[in-house]
Amino acid sequence: MSQTFSTPFSRDYWRCAAAELKSTRMLVFAALMIALRVALKSLAIPVGDNLFIYVGFFVNALGAMVFGPVVALLAAAVSDTLGALLFPTGAYFFPFIFVEMLGSLLFALFLYRARITAWRIIFSRFAVSFLCNLVLTPFIMYYYYLFVLGKTYRLLSLPRVVKNLALLPAECVLLVLFLGVMVPLMNRLHFTVYVIPTDGI
């Protein structure tokens with residue numbers, strides 16, 4: 001991999017992303033990321049009173065950074081389905097798959113074939129936290145409660161907003177540190193040629 005892009009809004013970017021589907025090596029890596037996401041989905045780091053950082057998003061971000069948005073969407077769909085089958089928690093509600101897919105897509109749009117900086121990593125986590133946790137998930141929960149549980153659900157929940165804001169700084173710092181370690185490793189394995197600048201963020 002030698003070409004990087006300043007923006008995902010180009011034909012060549014998506015051509016490169018689609019080409020990852022033809023790479024056996026990349027598909028094997030994607031399968032490994034799927035297995036890790038399923039295995040680690042319920043593993044969490046306690047950081048406060050009823051506050052947990054679930055480690056699955058580290059794997060999600062790493063995978064999306066390496067194999068891009070096209071494979072990321074498919075990997076998210078597969079991992080969500082396998083997770084629901086192998087480790088079910090309550091009634092299955094298909095629309096939740098779109099939360100997983102959106103999160104993977106957002107990480108890929110920020111990190112795939114890009115100049116990896118701490119700010120880019122932080123913005124990627126913020127986008128996932130805001131769009132997935134505070135926008136899409138409440139709408140899906142509303143219909144889940146309505147059609148599956150026969151109850152009502154508040155779309156705007158102050159505790160949900162406060163919880164995400166409280167977790168965001170720690171999640172961003174940990175993700176920057178994690179990718180700071182993984183990028184050189186991915187480079188050595190010839191999955192990426194990214195560089196995290198050392199002259200600031």
# chains A, B, ... in the order shown; residues from 1 in each chain; ligands from 1

call {"tool": "residues_around", "arguments": {"residues": "Val193 in chain A", "least_positions_apart": "3", "cutoff": "9 Å", "atoms": "only C-alpha atoms", "output": "NGL selection string"}}
result
:A and (1-4 or 113 or 183-184 or 186-188 or 190)

call {"tool": "write_last_selection", "arguments": {"atoms": "N, CA, C and O atoms", "output": "PDB file, in the first residue's frame"}}
result
ATOM      1  N   MET A   1       0.859  -1.182   0.000  1.00  0.00           N
ATOM      2  CA  MET A   1       0.000   0.000   0.000  1.00  0.00           C
ATOM      3  C   MET A   1       0.898   1.236   0.000  1.00  0.00           C
ATOM      4  O   MET A   1       1.724   1.411   0.866  1.00  0.00           O
ATOM      5  N   SER A   2       0.746   2.085  -1.019  1.00  0.00           N
ATOM      6  CA  SER A   2       1.635   3.238  -1.121  1.00  0.00           C
ATOM      7  C   SER A   2       0.887   4.554  -1.244  1.00  0.00           C
ATOM      8  O   SER A   2       1.444   5.599  -0.948  1.00  0.00           O
ATOM      9  N   GLN A   3      -0.346   4.505  -1.673  1.00  0.00           N
ATOM     10  CA  GLN A   3      -1.070   5.739  -1.927  1.00  0.00           C
ATOM     11  C   GLN A   3      -1.923   6.138  -0.736  1.00  0.00           C
ATOM     12  O   GLN A   3      -2.624   5.311  -0.158  1.00  0.00           O
ATOM     13  N   THR A   4      -1.834   7.413  -0.348  1.00  0.00           N
ATOM     14  CA  THR A   4      -2.708   7.943   0.689  1.00  0.00           C
ATOM     15  C   THR A   4      -3.525   9.081   0.101  1.00  0.00           C
ATOM     16  O   THR A   4      -3.192   9.636  -0.942  1.00  0.00           O
ATOM     17  N   ARG A 113      -6.005   4.912   4.619  1.00  0.00           N
ATOM     18  CA  ARG A 113      -5.132   5.586   3.647  1.00  0.00           C
ATOM     19  C   ARG A 113      -5.073   7.100   3.871  1.00  0.00           C
ATOM     20  O   ARG A 113      -5.190   7.901   2.948  1.00  0.00           O
ATOM     21  N   VAL A 183       0.248   1.193  14.443  1.00  0.00           N
ATOM     22  CA  VAL A 183       0.628   1.663  13.108  1.00  0.00           C
ATOM     23  C   VAL A 183       2.016   1.173  12.703  1.00  0.00           C
ATOM     24  O   VAL A 183       2.185   0.624  11.610  1.00  0.00           O
ATOM     25  N   PRO A 184       3.050   1.334  13.552  1.00  0.00           N
ATOM     26  CA  PRO A 184       4.362   0.781  13.165  1.00  0.00           C
ATOM     27  C   PRO A 184       4.328  -0.726  12.948  1.00  0.00           C
ATOM     28  O   PRO A 184       5.006  -1.245  12.052  1.00  0.00           O
ATOM     29  N   MET A 186       1.701  -2.524  11.908  1.00  0.00           N
ATOM     30  CA  MET A 186       1.042  -2.758  10.628  1.00  0.00           C
ATOM     31  C   MET A 186       1.974  -2.409   9.469  1.00  0.00           C
ATOM     32  O   MET A 186       1.953  -3.057   8.425  1.00  0.00           O
ATOM     33  N   ASN A 187       2.800  -1.397   9.653  1.00  0.00           N
ATOM     34  CA  ASN A 187       3.785  -1.049   8.626  1.00  0.00           C
ATOM     35  C   ASN A 187       4.782  -2.188   8.412  1.00  0.00           C
ATOM     36  O   ASN A 187       5.102  -2.540   7.271  1.00  0.00           O
ATOM     37  N   ARG A 188       5.276  -2.742   9.522  1.00  0.00           N
ATOM     38  CA  ARG A 188       6.255  -3.827   9.418  1.00  0.00           C
ATOM     39  C   ARG A 188       5.655  -5.065   8.763  1.00  0.00           C
ATOM     40  O   ARG A 188       6.356  -5.830   8.091  1.00  0.00           O
ATOM     41  N   HIS A 190       3.512  -4.861   6.454  1.00  0.00           N
ATOM     42  CA  HIS A 190       3.188  -4.410   5.095  1.00  0.00           C
ATOM     43  C   HIS A 190       1.681  -4.336   4.832  1.00  0.00           C
ATOM     44  O   HIS A 190       1.236  -4.514   3.706  1.00  0.00           O
TER      45      HIS A 190
END

call {"tool": "residues_around", "arguments": {"residues": "Val66 in chain A", "least_positions_apart": "4", "cutoff": "12 Å", "atoms": "only C-alpha atoms", "output": "PyMOL selection string"}}
result
chain A and resi 1+4+16-17+20+25-27+29-30+33+59-62+70-72+104+107-114+116+179+182-183+185-187+189-194

call {"tool": "write_last_selection", "arguments": {"atoms": "N, CA, C and O atoms", "output": "compact mmCIF listing (two decimals), in the first residue's frame"}}
result
# COMPACT_ATOMS: atom_id res chain seq x y z
N MET A 1 0.86 -1.18 0.00
CA MET A 1 0.00 0.00 0.00
C MET A 1 0.90 1.24 0.00
O MET A 1 1.72 1.41 0.87
N THR A 4 -1.83 7.41 -0.35
CA THR A 4 -2.71 7.94 0.69
C THR A 4 -3.52 9.08 0.10
O THR A 4 -3.19 9.64 -0.94
N CYS A 16 -9.62 2.05 -4.48
CA CYS A 16 -8.67 1.34 -3.64
C CYS A 16 -9.39 0.54 -2.55
O CYS A 16 -9.02 -0.60 -2.24
N ALA A 17 -10.41 1.15 -1.96
CA ALA A 17 -11.16 0.46 -0.90
C ALA A 17 -11.85 -0.78 -1.44
O ALA A 17 -11.86 -1.84 -0.78
N GLU A 20 -9.65 -3.92 -1.98
CA GLU A 20 -9.27 -4.72 -0.82
C GLU A 20 -10.06 -6.02 -0.77
O GLU A 20 -9.60 -7.02 -0.19
N ARG A 25 -5.01 -11.74 1.48
CA ARG A 25 -4.33 -11.37 2.72
C ARG A 25 -5.18 -10.42 3.54
O ARG A 25 -5.27 -10.55 4.77
N MET A 26 -5.80 -9.45 2.88
CA MET A 26 -6.63 -8.48 3.59
C MET A 26 -7.90 -9.14 4.13
O MET A 26 -8.36 -8.83 5.24
N LEU A 27 -8.46 -10.08 3.39
CA LEU A 27 -9.66 -10.77 3.85
C LEU A 27 -9.36 -11.67 5.04
O LEU A 27 -10.19 -11.80 5.95
N PHE A 29 -7.01 -11.00 7.23
CA PHE A 29 -6.88 -10.04 8.32
C PHE A 29 -8.25 -9.60 8.82
O PHE A 29 -8.48 -9.47 10.02
N ALA A 30 -9.16 -9.35 7.89
CA ALA A 30 -10.53 -8.96 8.26
C ALA A 30 -11.21 -10.06 9.08
O ALA A 30 -11.91 -9.77 10.06
N MET A 33 -9.94 -9.82 12.56
CA MET A 33 -10.54 -8.69 13.26
C MET A 33 -11.99 -9.01 13.67
O MET A 33 -12.43 -8.63 14.76
N VAL A 59 -10.37 -2.63 18.25
CA VAL A 59 -10.25 -3.56 17.13
C VAL A 59 -10.98 -3.03 15.92
O VAL A 59 -10.50 -3.13 14.78
N ASN A 60 -12.14 -2.44 16.15
CA ASN A 60 -12.92 -1.85 15.07
C ASN A 60 -12.13 -0.77 14.36
O ASN A 60 -12.04 -0.74 13.12
N ALA A 61 -11.53 0.13 15.12
CA ALA A 61 -10.75 1.22 14.53
C ALA A 61 -9.53 0.70 13.77
O ALA A 61 -9.23 1.17 12.66
N LEU A 62 -8.83 -0.27 14.35
CA LEU A 62 -7.65 -0.83 13.70
C LEU A 62 -8.01 -1.49 12.38
O LEU A 62 -7.37 -1.24 11.34
N VAL A 70 -15.11 -0.33 2.54
CA VAL A 70 -15.91 -1.37 1.89
C VAL A 70 -15.84 -2.66 2.70
O VAL A 70 -16.87 -3.25 3.06
N VAL A 71 -14.64 -3.11 3.01
CA VAL A 71 -14.49 -4.32 3.82
C VAL A 71 -15.00 -4.07 5.23
O VAL A 71 -15.58 -4.96 5.86
N ALA A 72 -14.81 -2.85 5.73
CA ALA A 72 -15.27 -2.53 7.10
C ALA A 72 -16.77 -2.70 7.25
O ALA A 72 -17.25 -3.21 8.28
N SER A 104 -17.98 1.40 11.96
CA SER A 104 -16.85 0.93 11.15
C SER A 104 -16.61 1.86 9.96
O SER A 104 -15.46 2.16 9.62
N PHE A 107 -14.87 5.16 11.18
CA PHE A 107 -13.45 4.95 11.46
C PHE A 107 -12.66 4.85 10.15
O PHE A 107 -11.57 5.41 10.02
N ALA A 108 -13.21 4.13 9.18
CA ALA A 108 -12.52 3.95 7.91
C ALA A 108 -12.39 5.27 7.16
O ALA A 108 -11.33 5.58 6.59
N LEU A 109 -13.44 6.07 7.15
CA LEU A 109 -13.39 7.34 6.42
C LEU A 109 -12.34 8.29 6.99
O LEU A 109 -11.74 9.07 6.26
N PHE A 110 -12.12 8.20 8.29
CA PHE A 110 -11.11 9.06 8.91
C PHE A 110 -9.70 8.48 8.82
O PHE A 110 -8.73 9.24 8.73
N LEU A 111 -9.56 7.16 8.85
CA LEU A 111 -8.25 6.57 9.08
C LEU A 111 -7.67 5.78 7.91
O LEU A 111 -6.45 5.59 7.85
N TYR A 112 -8.50 5.32 6.99
CA TYR A 112 -7.99 4.49 5.90
C TYR A 112 -7.22 5.33 4.89
O TYR A 112 -7.71 6.34 4.40
N ARG A 113 -6.00 4.91 4.62
CA ARG A 113 -5.13 5.59 3.65
C ARG A 113 -5.07 7.10 3.87
O ARG A 113 -5.19 7.90 2.95
N ALA A 114 -4.91 7.46 5.13
CA ALA A 114 -4.85 8.87 5.50
C ALA A 114 -3.56 9.13 6.27
O ALA A 114 -2.88 8.21 6.72
N ILE A 116 -2.14 9.75 9.43
CA ILE A 116 -2.67 9.50 10.77
C ILE A 116 -2.06 10.49 11.76
O ILE A 116 -0.85 10.48 12.01
N LEU A 179 -3.33 3.09 18.60
CA LEU A 179 -2.94 3.16 17.19
C LEU A 179 -1.49 3.62 17.03
O LEU A 179 -0.82 3.26 16.06
N MET A 182 0.14 0.38 17.14
CA MET A 182 -0.23 -0.56 16.09
C MET A 182 0.19 -0.11 14.69
O MET A 182 0.45 -0.95 13.83
N VAL A 183 0.25 1.19 14.44
CA VAL A 183 0.63 1.66 13.11
C VAL A 183 2.02 1.17 12.70
O VAL A 183 2.18 0.62 11.61
N LEU A 185 3.55 -1.43 13.75
CA LEU A 185 3.43 -2.88 13.59
C LEU A 185 2.78 -3.23 12.26
O LEU A 185 3.25 -4.12 11.53
N MET A 186 1.70 -2.52 11.91
CA MET A 186 1.04 -2.76 10.63
C MET A 186 1.97 -2.41 9.47
O MET A 186 1.95 -3.06 8.42
N ASN A 187 2.80 -1.40 9.65
CA ASN A 187 3.78 -1.05 8.63
C ASN A 187 4.78 -2.19 8.41
O ASN A 187 5.10 -2.54 7.27
N LEU A 189 4.36 -5.27 8.96
CA LEU A 189 3.67 -6.40 8.34
C LEU A 189 3.21 -6.09 6.92
O LEU A 189 2.56 -6.91 6.28
N HIS A 190 3.51 -4.86 6.45
CA HIS A 190 3.19 -4.41 5.09
C HIS A 190 1.68 -4.34 4.83
O HIS A 190 1.24 -4.51 3.71
N PHE A 191 0.92 -4.06 5.89
CA PHE A 191 -0.50 -3.76 5.71
C PHE A 191 -0.71 -2.28 5.45
O PHE A 191 -1.67 -1.89 4.81
N THR A 192 0.16 -1.44 6.00
CA THR A 192 0.04 0.00 5.85
C THR A 192 1.41 0.62 5.65
O THR A 192 2.43 -0.03 5.87
N VAL A 193 1.41 1.89 5.25
CA VAL A 193 2.65 2.67 5.21
C VAL A 193 2.41 4.00 5.91
O VAL A 193 2.96 5.02 5.56
N TYR A 194 1.56 3.97 6.92
CA TYR A 194 1.18 5.19 7.60
C TYR A 194 2.29 5.67 8.53
O TYR A 194 3.11 4.89 9.00

call {"tool": "closest_residue", "arguments": {"among": "A:Leu158, A:Val135, A:Trp119, A:Leu149", "to": "Leu175 in chain A", "atoms": "only C-alpha atoms"}}
result
A:Trp119

call {"tool": "residues_around", "arguments": {"residues": "Phe139 in chain A", "least_positions_apart": "3", "cutoff": "12 Å", "atoms": "only C-alpha atoms", "output": "ChimeraX atom specification"}}
result
/A:95-96,98-99,131-136,142-146,152-157

call {"tool": "closest_residue", "arguments": {"among": "A:Phe87, A:Phe67, A:Phe52, A:Phe58", "to": "Lys22 in chain A", "atoms": "only C-alpha atoms"}}
result
A:Phe67

call {"tool": "select_by_dssp", "arguments": {"residues": "chain A", "states": "strand (DSSP E or B)", "output": "mmCIF file with N, CA, C and O atoms, in the first residue's frame"}}
result
data_model
loop_
_atom_site.group_PDB
_atom_site.id
_atom_site.type_symbol
_atom_site.label_atom_id
_atom_site.label_comp_id
_atom_site.auth_asym_id
_atom_site.auth_seq_id
_atom_site.Cartn_x
_atom_site.Cartn_y
_atom_site.Cartn_z
ATOM 1 N N ALA A 44 -14.681 -4.986 28.985
ATOM 2 C CA ALA A 44 -14.693 -3.545 29.225
ATOM 3 C C ALA A 44 -13.702 -3.169 30.316
ATOM 4 O O ALA A 44 -13.371 -3.969 31.189
ATOM 5 N N ILE A 45 -13.230 -1.926 30.232
ATOM 6 C CA ILE A 45 -12.326 -1.365 31.232
ATOM 7 C C ILE A 45 -13.131 -0.421 32.128
ATOM 8 O O ILE A 45 -13.682 0.571 31.638
ATOM 9 N N PRO A 46 -13.247 -0.695 33.427
ATOM 10 C CA PRO A 46 -13.975 0.228 34.305
ATOM 11 C C PRO A 46 -13.170 1.502 34.520
ATOM 12 O O PRO A 46 -11.991 1.456 34.849
ATOM 13 N N VAL A 47 -13.819 2.644 34.324
ATOM 14 C CA VAL A 47 -13.128 3.932 34.480
ATOM 15 C C VAL A 47 -13.854 4.858 35.451
ATOM 16 O O VAL A 47 -13.432 5.992 35.650
ATOM 17 N N GLY A 48 -14.921 4.385 36.040
ATOM 18 C CA GLY A 48 -15.668 5.223 36.976
ATOM 19 C C GLY A 48 -16.920 4.515 37.433
ATOM 20 O O GLY A 48 -17.143 3.338 37.125
ATOM 21 N N LEU A 51 -19.218 3.410 34.650
ATOM 22 C CA LEU A 51 -18.645 3.854 33.383
ATOM 23 C C LEU A 51 -17.620 2.830 32.911
ATOM 24 O O LEU A 51 -16.695 2.483 33.646
ATOM 25 N N PHE A 52 -17.798 2.359 31.678
ATOM 26 C CA PHE A 52 -16.932 1.320 31.138
ATOM 27 C C PHE A 52 -16.531 1.680 29.711
ATOM 28 O O PHE A 52 -17.349 2.171 28.933
ATOM 29 N N ILE A 53 -15.266 1.410 29.396
ATOM 30 C CA ILE A 53 -14.794 1.552 28.024
ATOM 31 C C ILE A 53 -14.710 0.146 27.436
ATOM 32 O O ILE A 53 -13.899 -0.675 27.875
ATOM 33 N N TYR A 54 -15.556 -0.133 26.457
ATOM 34 C CA TYR A 54 -15.561 -1.446 25.823
ATOM 35 C C TYR A 54 -14.439 -1.510 24.791
ATOM 36 O O TYR A 54 -14.332 -0.655 23.911
#

call {"tool": "atom_distance", "arguments": {"atom1": "CA of Gly68 in chain A", "atom2": "CA of Tyr13 in chain A"}}
result
9.3 Å

call {"tool": "atom_distance", "arguments": {"atom1": "CA of Ser129 in chain A", "atom2": "CA of Leu165 in chain A"}}
result
8.8 Å

call {"tool": "closest_residue", "arguments": {"among": "A:Leu168, A:Ile121, A:Leu106, A:Ala91", "to": "Phe147 in chain A", "atoms": "only C-alpha atoms"}}
result
A:Ala91

call {"tool": "residues_around", "arguments": {"residues": "Val38 in chain A", "least_positions_apart": "4", "cutoff": "9 Å", "atoms": "only C-alpha atoms", "output": "MDAnalysis selection string"}}
result
chainID A and resid 33:34 42 56 79:80 82:83 86:87

call {"tool": "atom_distance", "arguments": {"atom1": "CA of Glu171 in chain A", "atom2": "CA of Ser124 in chain A"}}
result
11.0 Å

call {"tool": "select_by_dssp", "arguments": {"residues": "range 120-175 of chain A", "states": "alpha helix (DSSP H)", "output": "PyMOL selection string"}}
result
chain A and resi 120-128+137-144+158-175
